[in-house]
Every structure is written in structure tokens, then in C-alpha cells.
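The structure under discussion appears below in the form of C-alpha cells.
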Amino acid sequence: MAATQRIAAGAVVAAVCAASLAGCALGTDGSHEGAPGPQKAKPAQAPPKKSPVRLIGDGSTSYTGAQPHLPRPERLKPGQKPPQFVVFSWDGAGEDGQRLFSHFRKVAKANNATMTYFLSGVYMLPEHKRDLYRPPQHSPGRSDIGFNDEQGIADTVEQLRGAWLEGNEIGTHFNGHFCGKGGGVGEWSVQDWKDEIAQAKQFVKSWKTNTGLTKASPLPFDYDKELIGARTPCLEGQKNFMQAARELGFRYDTSGVNNQVWPKKKEGLWDLSMQLVPFPGHSYEQLTMDYNFMVNQSGTTSQGDPDKYEFWGDQMRDGLLGGFHRAYDGNRAPLIIGNHFESWNGGTYMRAVEEVIERVCTKAEVRCVSFRQLADWLDAQDPKVLAKLTTLKVGEAPQEGWASFLAGRPAPAPKGVPGAPAAKP
């Protein structure tokens, strides 16, 4: 997987959020001045309650209470068909001159979706302070995706703030995005991963100090508590990362590759790996990530033949839709999709993802959610029910129907089929 491009400075100065994160001004009581005769004093009204806002550290982050728009998970009732979950996630999320972060926030809101944004920690660290980053097995200040500047950080903070308040999840894509041999994440020890995670958190928790934007509004969450999952660069180093993540209290990992089946826990973490879906025109299947479609279409170049852009985008869109319908009409396994805020091959993959969001997230019984919301739902289920769901193969719907498959007791067989009660004379 290619490293995410360095975030460029935005062309427009990001507006600093002037309003408080919580509360509103009191209005008038509606009384008229100069009214004749004595009037009874109106009982004093208590001011509206404000959500607690507690700054953390230098004020880069804060505690503001429970996250808004986070649905309470419900356990499936006996015989109830599972909803079709779809997770759209973004590696190395940040706002640059392309404005893709802000664009897909709007797309998500318009289509009743929430998503997971895997933030790269170095996107919160300005270039002139790059030496603060001490990457495992590399010299200080080294990063394969560069760093940011104050404007890019301000723009990214604005998007992170709004995304979280809308119910989206902020995960991590770590920092320097080192792949391959010579210090790549696949060679990192458990301790290396713990160090990298600690630094990713620290850059988020100290962006005000590092940029000098001390008067800006904080991020409305405690990142130590918000961060519960990740995807490793290039999907490498999963084994040691998972051990580190488990010891640090993470709840899921999405650095693997799997078929479209129901997830299980792996070494204490939910294995929410990306999946293989049909690849139109090919006999093999394709990973649900924009980069992998690109590699199998134009090779490692991100700017292939312009005459093929539309075809390539349609191919990705139709592949993802093929995987969606295979699950929706089959085993209802959650569909896990990974993307980057990139304009590879003329932006055709961004167009494909947007069309998939528009076509699936508004369908009946579909929930486009973040990884956090999916993990919450899985944790709320009866383990025996989840175990039964994992017996379904790719695209396999229960032969006896969902009501019988997930019932506390098997539903009676319809008349006229093997096993049905004999007809009365």
C-alpha cells in the first residue's frame, strides 16, 4: 500500500470555532414593560444545563460528556434478522487543499451514515517541530508521509471536532507510515508499537502547544478514551501491534484481510478486517480498499490512463455493491471498507465510494456505522447468537429462514416439507 500523500496547506484560513462547545444564551421572559396594575413575580427559572467541559492538558483536547449521536446498541430478539452493517473508514484522515474530509462529512450526514477516521498523528505536528517525533527504528524527525503546517493542522482540527460531534469515530493510523524492510512497521516489536501509539496520542493532545494556536477551541474528546482501534500502515505488523493494543485497552483491529463472514474476537480484540469482494471482469476477488483497486487497475502509479478513469471507478463501485448485496441478501455479515482521502486516477475512487454510500446507507435494515458502533453492537449480543452467525458462509442465508435460525426454539416446519407434522385426516 502506498503511503498517504503529505497534507498540503489549505487555501482558505479555517474559521476558529468561537462558540462554546455547549450551552446557549438565555432568552427574554416575554414580559411587557409598563403594564398596568401589580403583577406577580414570575418564579425564577433555572438556567439551561450545560454539558460539562473540562480542558485536558494544554487545552488541545477536552472532556465534554458522552458523545452525541452515538446510538445505544440493542441485543437481537429471538428470530430477529440482523441489520446489515457497513463501515466506511479512512486511513490517514486529515483536511488538505482537496477538502475531502469536509466533503465526506457532508456525504455521510446526507445519507444517515457515520464513519471512522483514522488520524495520522504527524498530521497534528508542524514541520518545524518534526524532531519531536521519535519513530521506532528511525532517526528523529523522519516520516514517510511528511508533516503538516499550522493552517493544515487548524483545518484538520476543525474537521475532527465536527466529525466527533456528529457521532463519527476518531481512530489512529499512527505516525510515519513506514512500510517494507529497513525499519518498516512489520519489523516493530511490541514495545515499538506502544511507543508509536503513545506518540500518536501525544501529538493530538498537544497540537495547541506545538502550533501556538492557543486560543482555538479544543477537540471535544479525551483521546486516551476515544482511541479504541486502528489500522496498521500497509496492513503490516499486525501480530505485535495486536499484542500492544490489547495491553493498552484497545477493542478492535482492522489490519487484516478476511472473507465476508461474521467477525470473531482474536486475541481479545474484535477482528474487523477488511474483506474480499467480487472484482467485476476478473475471476479473483478484490480487497475493499481504494488503493488495492488502483494497483490492480493502473499499477503502482496513481495517474494511469485518463480514458480508463470512469471504467475503473465503476469497477470499484460495482465490486463494492456486489459485496454489499451478497451480504445483504445472504449472511448479513458486516461489510468493512477502507479508503484514503486521495485523488488517485482523477478522483475516480472517491466518486465510486460516494456512489456506494448513496446507494446503500439509506436502504431498509442497513446501518452505516463506525467501528466503535459495530464493536458496541457486537459486545451487546448473546455470544451464542454470534457463534451461530459465524457458521454462515460467504453469501449464505439460513436455509430455514432467519426466524428459525436465530429463534430460541426452532420454528415449526411448514406443511408439506420433510419434518412437518402429519396432516390430520
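Chains: A, B, ... in order of the C-alpha cells. Residues: from 1 per chain. Ligands: from 1, in order shown.
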DSSP alpha helix (DSSP H) selection over region 205-400 of chain A, as a ChimeraX atom specification: /A:205,207-211,223-226,238-247,290-298,309-328,344-360,371-380,383-389
Residues within 6 Å of region 86-96 of chain A, only C-alpha atoms, excluding chain neighbours under 2 positions, as a JSON list (two decimals) with N, CA, C and O atoms, in the first residue's frame:
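The new file result15.json reads:
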[["chain", "number", "residue", "atom", "x", "y", "z"],
["A", 7, "ILE", "N", -0.07, 16.03, 3.69],
["A", 7, "ILE", "CA", -1.16, 17.01, 3.67],
["A", 7, "ILE", "C", -0.61, 18.36, 3.26],
["A", 7, "ILE", "O", 0.37, 18.83, 3.79],
["A", 8, "ALA", "N", -1.27, 18.98, 2.30],
["A", 8, "ALA", "CA", -0.89, 20.32, 1.87],
["A", 8, "ALA", "C", -1.66, 21.34, 2.69],
["A", 8, "ALA", "O", -2.72, 21.08, 3.21],
["A", 9, "ALA", "N", -1.12, 22.55, 2.75],
["A", 9, "ALA", "CA", -1.81, 23.60, 3.48],
["A", 9, "ALA", "C", -3.07, 23.98, 2.75],
["A", 9, "ALA", "O", -3.12, 24.05, 1.53],
["A", 10, "GLY", "N", -4.15, 24.22, 3.49],
["A", 10, "GLY", "CA", -5.41, 24.62, 2.88],
["A", 10, "GLY", "C", -5.31, 26.03, 2.33],
["A", 10, "GLY", "O", -4.57, 26.87, 2.83],
["A", 98, "GLN", "N", -7.61, 19.52, -0.96],
["A", 98, "GLN", "CA", -8.66, 18.81, -1.69],
["A", 98, "GLN", "C", -10.01, 18.89, -0.99],
["A", 98, "GLN", "O", -11.04, 18.64, -1.61],
["A", 99, "ARG", "N", -9.99, 19.15, 0.31],
["A", 99, "ARG", "CA", -11.21, 19.27, 1.11],
["A", 99, "ARG", "C", -12.07, 18.01, 1.08],
["A", 99, "ARG", "O", -13.30, 18.07, 1.09],
["A", 101, "PHE", "N", -12.05, 15.53, 3.44],
["A", 101, "PHE", "CA", -12.57, 15.23, 4.78],
["A", 101, "PHE", "C", -13.91, 15.95, 4.96],
["A", 101, "PHE", "O", -14.93, 15.34, 5.32],
["A", 115, "MET", "N", -18.94, 7.30, 10.29],
["A", 115, "MET", "CA", -17.75, 6.64, 9.76],
["A", 115, "MET", "C", -16.63, 6.64, 10.80],
["A", 115, "MET", "O", -16.78, 7.22, 11.88],
["A", 116, "THR", "N", -15.52, 6.01, 10.45],
["A", 116, "THR", "CA", -14.32, 6.03, 11.28],
["A", 116, "THR", "C", -13.21, 6.74, 10.52],
["A", 116, "THR", "O", -12.93, 6.41, 9.36],
["A", 117, "TYR", "N", -12.59, 7.71, 11.17],
["A", 117, "TYR", "CA", -11.48, 8.46, 10.60],
["A", 117, "TYR", "C", -10.21, 8.09, 11.34],
["A", 117, "TYR", "O", -10.06, 8.40, 12.53],
["A", 118, "PHE", "N", -9.28, 7.41, 10.65],
["A", 118, "PHE", "CA", -8.01, 7.01, 11.26],
["A", 118, "PHE", "C", -6.99, 8.14, 11.04],
["A", 118, "PHE", "O", -6.39, 8.28, 9.98],
["A", 119, "LEU", "N", -6.82, 8.93, 12.06],
["A", 119, "LEU", "CA", -5.96, 10.11, 12.01],
["A", 119, "LEU", "C", -4.49, 9.72, 12.10],
["A", 119, "LEU", "O", -4.11, 8.92, 12.95],
["A", 120, "SER", "N", -3.66, 10.28, 11.22],
["A", 120, "SER", "CA", -2.20, 10.13, 11.34],
["A", 120, "SER", "C", -1.70, 11.20, 12.31],
["A", 120, "SER", "O", -1.93, 12.40, 12.09],
["A", 155, "ASP", "N", -7.14, 23.31, 10.03],
["A", 155, "ASP", "CA", -8.21, 22.76, 9.19],
["A", 155, "ASP", "C", -8.58, 21.34, 9.62],
["A", 155, "ASP", "O", -9.76, 20.98, 9.66],
["A", 156, "THR", "N", -7.57, 20.55, 9.94],
["A", 156, "THR", "CA", -7.82, 19.17, 10.36],
["A", 156, "THR", "C", -8.55, 19.14, 11.70],
["A", 156, "THR", "O", -9.49, 18.35, 11.89],
["A", 173, "HIS", "N", -4.04, 6.07, 12.57],
["A", 173, "HIS", "CA", -3.23, 5.40, 11.56],
["A", 173, "HIS", "C", -1.75, 5.59, 11.90],
["A", 173, "HIS", "O", -0.90, 5.56, 11.05],
["A", 334, "PRO", "N", -21.19, -7.97, 8.43],
["A", 334, "PRO", "CA", -20.82, -6.56, 8.23],
["A", 334, "PRO", "C", -19.84, -6.40, 7.08],
["A", 334, "PRO", "O", -18.91, -7.20, 6.93],
["A", 335, "LEU", "N", -20.04, -5.37, 6.27],
["A", 335, "LEU", "CA", -19.14, -5.08, 5.15],
["A", 335, "LEU", "C", -18.17, -3.99, 5.60],
["A", 335, "LEU", "O", -18.58, -2.91, 6.01],
["A", 336, "ILE", "N", -16.87, -4.29, 5.54],
["A", 336, "ILE", "CA", -15.83, -3.38, 6.02],
["A", 336, "ILE", "C", -15.07, -2.81, 4.82],
["A", 336, "ILE", "O", -14.48, -3.56, 4.04],
["A", 337, "ILE", "N", -15.07, -1.48, 4.69],
["A", 337, "ILE", "CA", -14.47, -0.81, 3.53],
["A", 337, "ILE", "C", -13.43, 0.20, 4.00],
["A", 337, "ILE", "O", -13.67, 0.96, 4.94],
["A", 338, "GLY", "N", -12.27, 0.22, 3.34],
["A", 338, "GLY", "CA", -11.20, 1.16, 3.70],
["A", 338, "GLY", "C", -10.85, 2.08, 2.54],
["A", 338, "GLY", "O", -10.86, 1.66, 1.38],
["A", 339, "ASN", "N", -10.55, 3.33, 2.85],
["A", 339, "ASN", "CA", -10.26, 4.33, 1.81],
["A", 339, "ASN", "C", -9.20, 5.31, 2.27],
["A", 339, "ASN", "O", -8.78, 5.31, 3.43],
["A", 340, "HIS", "N", -8.79, 6.17, 1.34],
["A", 340, "HIS", "CA", -7.87, 7.27, 1.62],
["A", 340, "HIS", "C", -8.45, 8.55, 1.01],
["A", 340, "HIS", "O", -9.11, 8.50, -0.02],
["A", 368, "CYS", "N", -25.01, 2.24, 8.36],
["A", 368, "CYS", "CA", -23.65, 2.64, 8.03],
["A", 368, "CYS", "C", -23.06, 3.27, 9.29],
["A", 368, "CYS", "O", -23.50, 4.36, 9.71],
["A", 369, "VAL", "N", -22.11, 2.59, 9.90],
["A", 369, "VAL", "CA", -21.66, 2.93, 11.24],
["A", 369, "VAL", "C", -20.14, 3.00, 11.30],
["A", 369, "VAL", "O", -19.43, 2.60, 10.38],
["A", 370, "SER", "N", -19.66, 3.48, 12.43],
["A", 370, "SER", "CA", -18.22, 3.46, 12.71],
["A", 370, "SER", "C", -17.84, 2.10, 13.28],
["A", 370, "SER", "O", -18.69, 1.30, 13.67]]
Region 119-202 of chain A near region 236-251 of chain A within 12 Å: what's each residue's closest atom pair and its distance in Å to one decimal, counting only C-alpha atoms, ordered by chain then ascending residue number, as CSV?
residue,atom,partner,partner_atom,distance
A:Gly171,CA,A:Phe250,CA,10.4
A:Thr172,CA,A:Phe250,CA,11.3
A:His173,CA,A:Phe241,CA,11.9
A:Phe174,CA,A:Phe241,CA,11.0
A:His177,CA,A:Glu236,CA,10.3
A:Phe178,CA,A:Glu236,CA,9.4
A:Cys179,CA,A:Glu236,CA,7.3
A:Gly180,CA,A:Glu236,CA,8.2
A:Lys181,CA,A:Glu236,CA,10.7
A:Gly183,CA,A:Gly237,CA,11.1
A:Gly184,CA,A:Glu236,CA,8.2
A:Val185,CA,A:Gly237,CA,5.3
A:Gly186,CA,A:Gly237,CA,3.8
A:Glu187,CA,A:Gly237,CA,6.7
A:Trp188,CA,A:Gly237,CA,6.8
A:Ser189,CA,A:Asn240,CA,6.1
A:Val190,CA,A:Asn240,CA,5.0
A:Gln191,CA,A:Ala244,CA,7.3
A:Asp192,CA,A:Phe241,CA,8.8
A:Trp193,CA,A:Phe241,CA,5.8
A:Lys194,CA,A:Ala244,CA,5.9
A:Asp195,CA,A:Ala244,CA,9.6
A:Glu196,CA,A:Phe241,CA,10.1
A:Ile197,CA,A:Ala245,CA,8.8
A:Ala198,CA,A:Leu248,CA,9.9
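Between Lys388 (chain A) and the residues A:Asn331, A:Pro71, A:Glu354, A:Gly346, the shortest atom-to-atom distance, using only C-alpha atoms, involves A:Asn331.
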Those of region 11-252 of chain A in DSSP strand (DSSP E or B), formatted as a PyMOL selection string: chain A and resi 54-56+61-63+84-93+113+116-119+126+148+169-172+219+229-230+252
10 Å contact set for Lys109 (chain A), only C-alpha atoms, chain neighbours under 4 positions out, as a PyMOL selection string: chain A and resi 104-105+113-114+163+166
Can you write out the residues you just picked, keeping all heavy atoms, as a compact mmCIF listing (two decimals), in the first residue's frame?
# COMPACT_ATOMS: atom_id res chain seq x y z
N PHE A 104 -16.73 14.49 2.66
CA PHE A 104 -17.36 13.22 3.03
C PHE A 104 -18.12 13.30 4.35
O PHE A 104 -19.01 12.48 4.60
CB PHE A 104 -16.34 12.08 3.02
CG PHE A 104 -16.15 11.51 1.64
CD1 PHE A 104 -15.13 11.96 0.82
CD2 PHE A 104 -17.02 10.56 1.15
CE1 PHE A 104 -14.97 11.46 -0.47
CE2 PHE A 104 -16.88 10.04 -0.13
CZ PHE A 104 -15.86 10.50 -0.94
N ARG A 105 -17.81 14.29 5.17
CA ARG A 105 -18.68 14.53 6.32
C ARG A 105 -20.07 14.92 5.84
O ARG A 105 -21.09 14.46 6.37
CB ARG A 105 -18.09 15.63 7.19
CG ARG A 105 -17.06 15.19 8.21
CD ARG A 105 -16.59 16.37 9.04
NE ARG A 105 -17.71 17.03 9.69
CZ ARG A 105 -17.74 18.32 10.01
NH1 ARG A 105 -16.71 19.12 9.70
NH2 ARG A 105 -18.79 18.84 10.61
N ALA A 113 -25.27 8.32 7.69
CA ALA A 113 -24.11 7.47 7.94
C ALA A 113 -23.17 8.11 8.94
O ALA A 113 -23.06 9.34 9.02
CB ALA A 113 -23.36 7.20 6.64
N THR A 114 -22.49 7.27 9.72
CA THR A 114 -21.33 7.70 10.48
C THR A 114 -20.17 6.82 10.05
O THR A 114 -20.36 5.73 9.52
CB THR A 114 -21.56 7.60 12.00
OG1 THR A 114 -22.05 6.29 12.31
CG2 THR A 114 -22.55 8.64 12.47
N ALA A 163 -16.60 16.17 13.12
CA ALA A 163 -16.88 14.75 12.88
C ALA A 163 -17.29 14.05 14.16
O ALA A 163 -18.26 13.28 14.19
CB ALA A 163 -15.66 14.08 12.26
N GLU A 166 -20.71 14.82 15.41
CA GLU A 166 -21.74 14.20 14.56
C GLU A 166 -21.88 12.71 14.81
O GLU A 166 -22.71 12.05 14.18
CB GLU A 166 -21.41 14.46 13.09
CG GLU A 166 -21.54 15.92 12.69
CD GLU A 166 -20.79 16.28 11.42
OE1 GLU A 166 -20.12 15.38 10.83
OE2 GLU A 166 -20.85 17.44 11.01
Near-Val204 (chain A) list (7 Å; only C-alpha atoms; drop same-chain fewer than 4 positions) as an MDAnalysis selection string: chainID A and resid 121 124 200
Write the residues of the preceding selection, restricted to C-alpha atoms, as a PDB file, in the first residue's frame.
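result.pdb, freshly written:
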ATOM      1  CA  GLY A 121      -0.588  11.709  14.396  1.00  0.00           C
ATOM      2  CA  MET A 124      -1.085  17.268  14.041  1.00  0.00           C
ATOM      3  CA  ALA A 200       0.298   9.448  18.168  1.00  0.00           C
TER       4      ALA A 200
END
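Taking only C-alpha atoms into account, Gln297 (chain A) lies nearest to A:Tyr309 out of the set A:Tyr309, A:Phe341, A:Tyr252, A:Trp207.
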